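Structure first, commentary second.
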Amino acid sequence: MDQPRHSNHHRRRGFRGKNNTRPRRARTDEHRTDAASSQTTAAAPPQVRQEEDTVMTGATPEATVPLDDAKFSDLKGSNLVHPTLIETITNDLKFSHMTPVQAATLHDLLPPSRSDCLVQAKTGTGKTLAFLLPAVQTLITNHRNQAERGSPVVSLLVISPTRELAMQIAQEATNLLQRFPNFHVRLAIGGTNKDQEERRILQSCNVLVATPGRLLDHMANEDILYSFRSLETLVLDEADRLLDMGFSKALREIVGKLPNRKEVNRQGMLFSATIAQHVHQAADLVLSPGYKFISTVPAGETNTHQRVPQLLVKVDTFSSVGAAVVGCIREEAKQHQDFKVIIFAPTAHLADFYGHIVSQLSDMPPVSTLHSRISQSKRTKITNEYRDAKSAILVATDVIARGMDFPGVTTVVQVGIPSDKESYIHRLGRTARAGAEGRGIFIVTEAESWFPRWTLKEISFIPHPADVSALAEVEAIATVMDETDRARIYQAWLGYYKNHLKGFKWTNEELVAQGNTFAHDGLACPETPPIAKSTVGKMGLKGTRGLVVVPDPPRARSGRAPRGRGNRS
Ligand SMILES: Nc1ncnc2c1ncn2[C@@H]1O[C@H](COP(=O)(O)OP(=O)(O)OP(=O)(O)O)[C@@H](O)[C@H]1O
């Protein structure tokens with residue numbers, strides 16, 4: 001069982017109420033005012049439970065944490081947080097009040113308690129500072145005891161599932177440590193110069209923010225491995241993602257290379273907006289038995305924000321999806337002079353497709369596309385530009401679904417079913433952050449409508465008419481697209497939906513028939529695009545009627561995978 005038991009208190013207000021129309025970007029003041037006004041609103045305390053064991057047993061929360069109007073300045077003179085850190089938060093970062101998750105976890109996470117904690121709170125509610133502040137305080141408290149000089153001593157290791165998120169966390173840690181110039185925050189992420197990273201870490205490193213693969217690479221270097229000899233805090237951000245099948249092997253290897261947690265008195269923290277069952281089962285990798293599970297998500301509530309309207313746009317066929325995307329953006333433009341939209345697509349090739357369509361229309365703000373097939377330097381540039389943009393459209397895959405904090409995103413559009421419920425929640429969480437307003441639009445075909453009905457059944461979607469008036473424009477753009485590109489998009493479509501066949505209850509033949517209709521009507525392909533024999537085999541579609549199978553190109557026949565195939569996001 002996943003959730004700690006919840007009491008019957010009313011829900012605490014978030015940063016800002018639904019009808020509050022103050023400007024979106026005045027983040028800190030919005031939060032301050034809301035926290036201050038929460039005296040008049042009954043609050044549901046976050047749920048805290050001390051784990052008896054590493055596997056949940058249905059126990060009840062052991063304690064509730066009062067959520068008064070906790071202010072950072074209240075910590076002055078408490079000896080819990082270094083006065084300079086408090087100055088940084090209140091004067092430099094300009095945060096006066098704690099967010100609910102910060103208030104709920106601070107005392108457990110700070111020295112001297114330094115409890116191991118699994119923490120759940122909604123997207124965009126300040127979880128990053130909730131783990132950074134206590135971990136940085138531990139670094140400051142213990143630093144004077146570190147006798148060894150001349151070799152780096154990493155105090156805090158934060159692991160993130162994506163490079164973009166790692167960079168963002170490192171930036172927040174740097175901001176928090178800005179009045180402590182002797183402490184250094186370093187990155188270990190893929191897609192960048194490894195030697196340069198290594199040099200920087202070995203020069204000096206107190207806080208390391210890393211993605212699992214690159215971290216493991218660095219751990220092969222004995223000097224870097226040695227820098228973890230007295231690691232004090234290990235944080236997994238987006239813990240449910242890091243502990244799922246895709247990453248858990250790497251995570252086990254990493255933890256196996258770290259010193260024994262009891263010997264170094266290492267504190268473990270797991271943070272996420274979504275905590276699935278597998279997290280409780282795997283938590284012992286990082287947390288000691290008896291860890292606390294703290295959730296600020298009220299009982300029976302989904303992790304999406306109630307105040308964020310979630311519109312459901314249904315179209316008849318996959319061929320109308322592109323036009324519906326354009327229709328949604330045009331409607332957005334009618335509502336806001338400046339707007340920032342993120343469009344989430346199921347695969348990299350489909351993201352390229354929608355990005356291309358939208359970028360060809362003259363009435364759109366700047367459009368960029370982001371996915372894992374793009375080089376890291378370009379990804380970083382696109383991320384930074386979108387963060388700073390006043391009005392822009394970002395078409396992306398799940399690489400930015402979790403944790404990314406882009407200010408001022410007015411609407412998140414999800415096109416087609418996401419890979420799972422958690423992905424839907426995290427994607428939606430890119431809007432309405434830190435008390436701002438925003439909305440979600442979920443575009444599905446009739447065939448996909450089982451997903452919101454069954455997988456997202458707790459969410460009350462607002463039915464919204466589909467505007468597909470751009471059908472002819474989309475077709476005109478698709479018609480002149482490169483044929484190979486269209487073939488790849490078709491193939492990506494087949495690959496993605498093949499993985500979700502169970503939900504659709506389609507046979508392989510029905511899947512291919514749908515894909516072919518998409519190719520002809522949505523991508524304007526004059527003929528069904530051909531697919532290489534080995535790719536058909538890899539997709540599990542061998543012998544399926546309706547496919548145009550061609551021999552493998554020479555490279556594939558020599559046993560190597562053809563370029564540009566597969567379903568990477
Ligand atoms: N006490 C605070 N007062 C006002 N704003 C805050 C406070 N703490 C954090 N923020 C801001 O809130 C925003 C969201 O914070 P953060 O990115 O940590 O959210 P999160 O809970 O980690 O979200 P996600 O689940 O999407 O990762 C950031 O812009 C951050 O600077």
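Within each chain, counting starts at residue 1; across the structure tokens, chains are named A, B, ... in the order shown, with ligands numbered 1 upward in that order.
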All residues within 7 Å of ligand 1 are required, counting only C-alpha atoms and all ligand atoms; please report them as a PyMOL selection string.
chain A and resi 27-28+31-32+95-99+121-129+272-273+402-405+407+426+429-430+433-434
DSSP on the backbone: what in region 32-276 of chain A comes out strand (DSSP E or B), as a PyMOL selection string?
chain A and resi 47-50+63-64+71+97+117-120+156-159+185-188+207-210+233-237+267-272
Using only N, CA, C and O atoms, please write the residues we just selected to a file, as a compact mmCIF listing (two decimals), in the first residue's frame.
```
# COMPACT_ATOMS: atom_id res chain seq x y z
N GLN A 47 1.00 14.36 5.60
CA GLN A 47 0.94 13.08 6.29
C GLN A 47 2.34 12.53 6.47
O GLN A 47 3.11 12.44 5.53
N VAL A 48 2.64 12.19 7.67
CA VAL A 48 3.97 11.68 7.95
C VAL A 48 3.85 10.30 8.58
O VAL A 48 3.04 10.08 9.46
N ARG A 49 4.63 9.41 8.12
CA ARG A 49 4.61 8.09 8.74
C ARG A 49 6.03 7.58 8.87
O ARG A 49 6.85 7.73 7.97
N GLN A 50 6.29 7.01 10.01
CA GLN A 50 7.59 6.37 10.20
C GLN A 50 7.46 4.96 9.69
O GLN A 50 6.58 4.22 10.11
N ALA A 63 2.78 11.03 12.78
CA ALA A 63 2.64 12.40 13.27
C ALA A 63 2.17 13.28 12.13
O ALA A 63 2.31 12.93 10.98
N THR A 64 1.58 14.38 12.47
CA THR A 64 1.28 15.35 11.43
C THR A 64 2.09 16.60 11.70
O THR A 64 2.34 16.95 12.83
N LYS A 71 7.73 30.81 8.16
CA LYS A 71 8.57 31.76 7.44
C LYS A 71 10.02 31.32 7.58
O LYS A 71 10.41 30.83 8.64
N HIS A 97 8.08 32.93 2.72
CA HIS A 97 7.40 31.82 3.40
C HIS A 97 7.81 30.49 2.78
O HIS A 97 8.10 30.41 1.60
N CYS A 117 14.04 10.19 4.46
CA CYS A 117 12.65 10.50 4.12
C CYS A 117 12.31 10.21 2.67
O CYS A 117 13.13 10.45 1.78
N LEU A 118 11.10 9.71 2.48
CA LEU A 118 10.49 9.61 1.15
C LEU A 118 9.43 10.71 1.12
O LEU A 118 8.56 10.75 1.99
N VAL A 119 9.53 11.62 0.16
CA VAL A 119 8.68 12.81 0.20
C VAL A 119 7.89 12.93 -1.11
O VAL A 119 8.45 12.85 -2.19
N GLN A 120 6.58 13.15 -0.93
CA GLN A 120 5.71 13.35 -2.09
C GLN A 120 5.01 14.70 -1.97
O GLN A 120 4.45 15.03 -0.92
N LEU A 156 27.24 16.15 -0.74
CA LEU A 156 25.88 15.91 -1.23
C LEU A 156 25.92 15.41 -2.66
O LEU A 156 26.55 16.04 -3.53
N LEU A 157 25.26 14.29 -2.89
CA LEU A 157 25.12 13.76 -4.25
C LEU A 157 23.63 13.74 -4.59
O LEU A 157 22.84 13.11 -3.89
N VAL A 158 23.27 14.49 -5.64
CA VAL A 158 21.87 14.50 -6.10
C VAL A 158 21.84 13.78 -7.44
O VAL A 158 22.61 14.12 -8.34
N ILE A 159 20.96 12.80 -7.57
CA ILE A 159 20.84 12.09 -8.84
C ILE A 159 19.50 12.45 -9.48
O ILE A 159 18.46 12.48 -8.81
N VAL A 185 29.70 23.50 -6.55
CA VAL A 185 28.68 22.60 -7.10
C VAL A 185 29.16 22.16 -8.47
O VAL A 185 29.54 22.98 -9.30
N ARG A 186 29.18 20.86 -8.72
CA ARG A 186 29.64 20.34 -10.02
C ARG A 186 28.57 19.45 -10.64
O ARG A 186 27.68 18.93 -9.93
N LEU A 187 28.73 19.25 -11.95
CA LEU A 187 27.78 18.43 -12.70
C LEU A 187 28.46 17.18 -13.25
O LEU A 187 29.64 17.24 -13.63
N ALA A 188 27.74 16.09 -13.34
CA ALA A 188 28.21 14.90 -14.05
C ALA A 188 27.04 14.42 -14.89
O ALA A 188 26.18 13.67 -14.41
N VAL A 207 29.18 19.57 -3.79
CA VAL A 207 27.85 19.10 -4.19
C VAL A 207 27.97 18.60 -5.62
O VAL A 207 28.43 19.34 -6.49
N LEU A 208 27.55 17.38 -5.84
CA LEU A 208 27.61 16.84 -7.21
C LEU A 208 26.19 16.50 -7.65
O LEU A 208 25.46 15.80 -6.94
N VAL A 209 25.79 17.03 -8.80
CA VAL A 209 24.48 16.70 -9.35
C VAL A 209 24.73 15.90 -10.62
O VAL A 209 25.47 16.33 -11.50
N ALA A 210 24.12 14.71 -10.69
CA ALA A 210 24.52 13.78 -11.75
C ALA A 210 23.34 13.03 -12.34
O ALA A 210 22.29 12.88 -11.71
N THR A 233 24.95 13.08 2.24
CA THR A 233 23.54 13.07 1.81
C THR A 233 23.44 12.53 0.39
O THR A 233 24.19 12.96 -0.50
N LEU A 234 22.49 11.64 0.19
CA LEU A 234 22.21 11.12 -1.15
C LEU A 234 20.73 11.39 -1.44
O LEU A 234 19.85 10.98 -0.69
N VAL A 235 20.48 12.13 -2.52
CA VAL A 235 19.10 12.49 -2.89
C VAL A 235 18.79 11.90 -4.25
O VAL A 235 19.57 12.04 -5.19
N LEU A 236 17.64 11.25 -4.36
CA LEU A 236 17.13 10.88 -5.68
C LEU A 236 15.95 11.80 -5.97
O LEU A 236 14.91 11.71 -5.32
N ASP A 237 16.13 12.72 -6.92
CA ASP A 237 14.99 13.55 -7.33
C ASP A 237 14.26 12.76 -8.41
O ASP A 237 14.89 12.06 -9.19
N GLN A 267 22.65 10.29 5.05
CA GLN A 267 21.20 10.50 5.03
C GLN A 267 20.68 10.27 3.60
O GLN A 267 21.32 10.69 2.64
N GLY A 268 19.52 9.62 3.50
CA GLY A 268 18.93 9.40 2.18
C GLY A 268 17.62 10.16 2.04
O GLY A 268 16.85 10.29 2.99
N MET A 269 17.39 10.72 0.85
CA MET A 269 16.12 11.43 0.60
C MET A 269 15.61 11.02 -0.77
O MET A 269 16.37 11.03 -1.75
N LEU A 270 14.33 10.67 -0.84
CA LEU A 270 13.69 10.36 -2.12
C LEU A 270 12.56 11.37 -2.31
O LEU A 270 11.70 11.50 -1.42
N PHE A 271 12.54 12.05 -3.44
CA PHE A 271 11.51 13.06 -3.70
C PHE A 271 10.81 12.79 -5.03
O PHE A 271 11.47 12.46 -6.02
N SER A 272 9.50 12.94 -5.05
CA SER A 272 8.77 12.91 -6.32
C SER A 272 7.34 13.39 -6.11
O SER A 272 6.82 13.37 -5.00
```
Identify, on the basis of only C-alpha atoms, every residue whose closest approach to Pro551 (chain A) does not exceed 9 Å; exclude the query and any residue fewer than 5 positions from it along the same chain; express the result as a PDB file with all heavy atoms, in the first residue's frame.
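Resulting contents of out_17.pdb:
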```pdb
ATOM      1  N   ILE A 531       8.924  -0.207 -44.863  1.00  0.00           N
ATOM      2  CA  ILE A 531       9.695  -0.425 -43.624  1.00  0.00           C
ATOM      3  C   ILE A 531      10.648  -1.600 -43.857  1.00  0.00           C
ATOM      4  O   ILE A 531      10.257  -2.625 -44.441  1.00  0.00           O
ATOM      5  CB  ILE A 531       8.796  -0.766 -42.416  1.00  0.00           C
ATOM      6  CG1 ILE A 531       7.662   0.263 -42.272  1.00  0.00           C
ATOM      7  CG2 ILE A 531       9.600  -0.802 -41.126  1.00  0.00           C
ATOM      8  CD1 ILE A 531       6.846   0.096 -41.010  1.00  0.00           C
ATOM      9  N   ALA A 532      11.880  -1.433 -43.352  1.00  0.00           N
ATOM     10  CA  ALA A 532      12.879  -2.487 -43.534  1.00  0.00           C
ATOM     11  C   ALA A 532      12.460  -3.748 -42.767  1.00  0.00           C
ATOM     12  O   ALA A 532      11.881  -3.668 -41.674  1.00  0.00           O
ATOM     13  CB  ALA A 532      14.232  -1.998 -43.045  1.00  0.00           C
ATOM     14  N   LYS A 533      12.799  -4.885 -43.368  1.00  0.00           N
ATOM     15  CA  LYS A 533      12.388  -6.186 -42.817  1.00  0.00           C
ATOM     16  C   LYS A 533      12.794  -6.351 -41.342  1.00  0.00           C
ATOM     17  O   LYS A 533      11.995  -6.766 -40.503  1.00  0.00           O
ATOM     18  CB  LYS A 533      13.050  -7.278 -43.671  1.00  0.00           C
ATOM     19  CG  LYS A 533      12.474  -8.635 -43.472  1.00  0.00           C
ATOM     20  CD  LYS A 533      13.087  -9.611 -44.462  1.00  0.00           C
ATOM     21  CE  LYS A 533      12.829 -11.022 -43.968  1.00  0.00           C
ATOM     22  NZ  LYS A 533      13.817 -11.967 -44.426  1.00  0.00           N
ATOM     23  N   SER A 534      14.060  -6.003 -41.052  1.00  0.00           N
ATOM     24  CA  SER A 534      14.524  -6.223 -39.674  1.00  0.00           C
ATOM     25  C   SER A 534      13.767  -5.319 -38.698  1.00  0.00           C
ATOM     26  O   SER A 534      13.510  -5.697 -37.551  1.00  0.00           O
ATOM     27  CB  SER A 534      16.026  -5.960 -39.566  1.00  0.00           C
ATOM     28  OG  SER A 534      16.288  -4.614 -39.845  1.00  0.00           O
ATOM     29  N   ARG A 557      21.904  -5.331 -42.823  1.00  0.00           N
ATOM     30  CA  ARG A 557      22.152  -6.739 -43.117  1.00  0.00           C
ATOM     31  C   ARG A 557      23.459  -7.214 -42.492  1.00  0.00           C
ATOM     32  O   ARG A 557      23.627  -8.352 -42.159  1.00  0.00           O
ATOM     33  CB  ARG A 557      22.171  -6.959 -44.625  1.00  0.00           C
ATOM     34  CG  ARG A 557      20.848  -7.582 -45.069  1.00  0.00           C
ATOM     35  CD  ARG A 557      20.907  -8.009 -46.493  1.00  0.00           C
ATOM     36  NE  ARG A 557      20.296  -6.991 -47.318  1.00  0.00           N
ATOM     37  CZ  ARG A 557      20.814  -6.555 -48.448  1.00  0.00           C
ATOM     38  NH1 ARG A 557      21.946  -7.021 -48.903  1.00  0.00           N
ATOM     39  NH2 ARG A 557      20.202  -5.627 -49.139  1.00  0.00           N
TER      40      ARG A 557
END
```
Per-residue DSSP, region 192-327 of chain A, filtered to helix (DSSP H, G or I), as a VMD selection string
chain A and resid 194 to 203 212 to 219 222 to 226 239 to 242 245 to 257 261 to 264 277 to 285 318 to 327
Which residues come within 9 Å of Ser204 (chain A), counting only C-alpha atoms, excluding same-chain residues fewer than 6 positions away, as a PyMOL selection string?
chain A and resi 150-154+183-186
Hey, which of A:Thr369, A:Ser419, A:Ser248, A:Thr484 ends up closest to His278 (chain A)? Count only C-alpha atoms.
A:Ser248
CA of Ala519 (chain A) and CA of Thr479 (chain A), how far apart in Å?
11.0 Å
Rank A:Leu312, A:Leu202, A:Val399, A:Leu547 by their smallest atom-to-atom distance to Ile459 (chain A), using only C-alpha atoms, and report the top residue only.
A:Leu312
Env of region 372-378 of chain A: 9 Å cut, atoms = only C-alpha atoms, seq-sep filter 5 positions within chain, self excluded. Answer as a list in words.
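So, after excluding close chain neighbours, the residues are Arg163, Gly190, Gly191, Thr192, Ala348, Thr383, Thr397, Val399, Arg568 and Ser569 of chain A.
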Have a look at CA of Asp108 (chain A) and CA of Phe131 (chain A) and let me know their distance in Å, one decimal.
10.8 Å
I need the residue nearest Phe180 (chain A) from this list: A:Leu106, A:Lys262, A:Leu350, A:Thr88. Use only C-alpha atoms for the distance.
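Once distances to Phe180 (chain A) are computed over only C-alpha atoms, the minimum belongs to A:Thr88.
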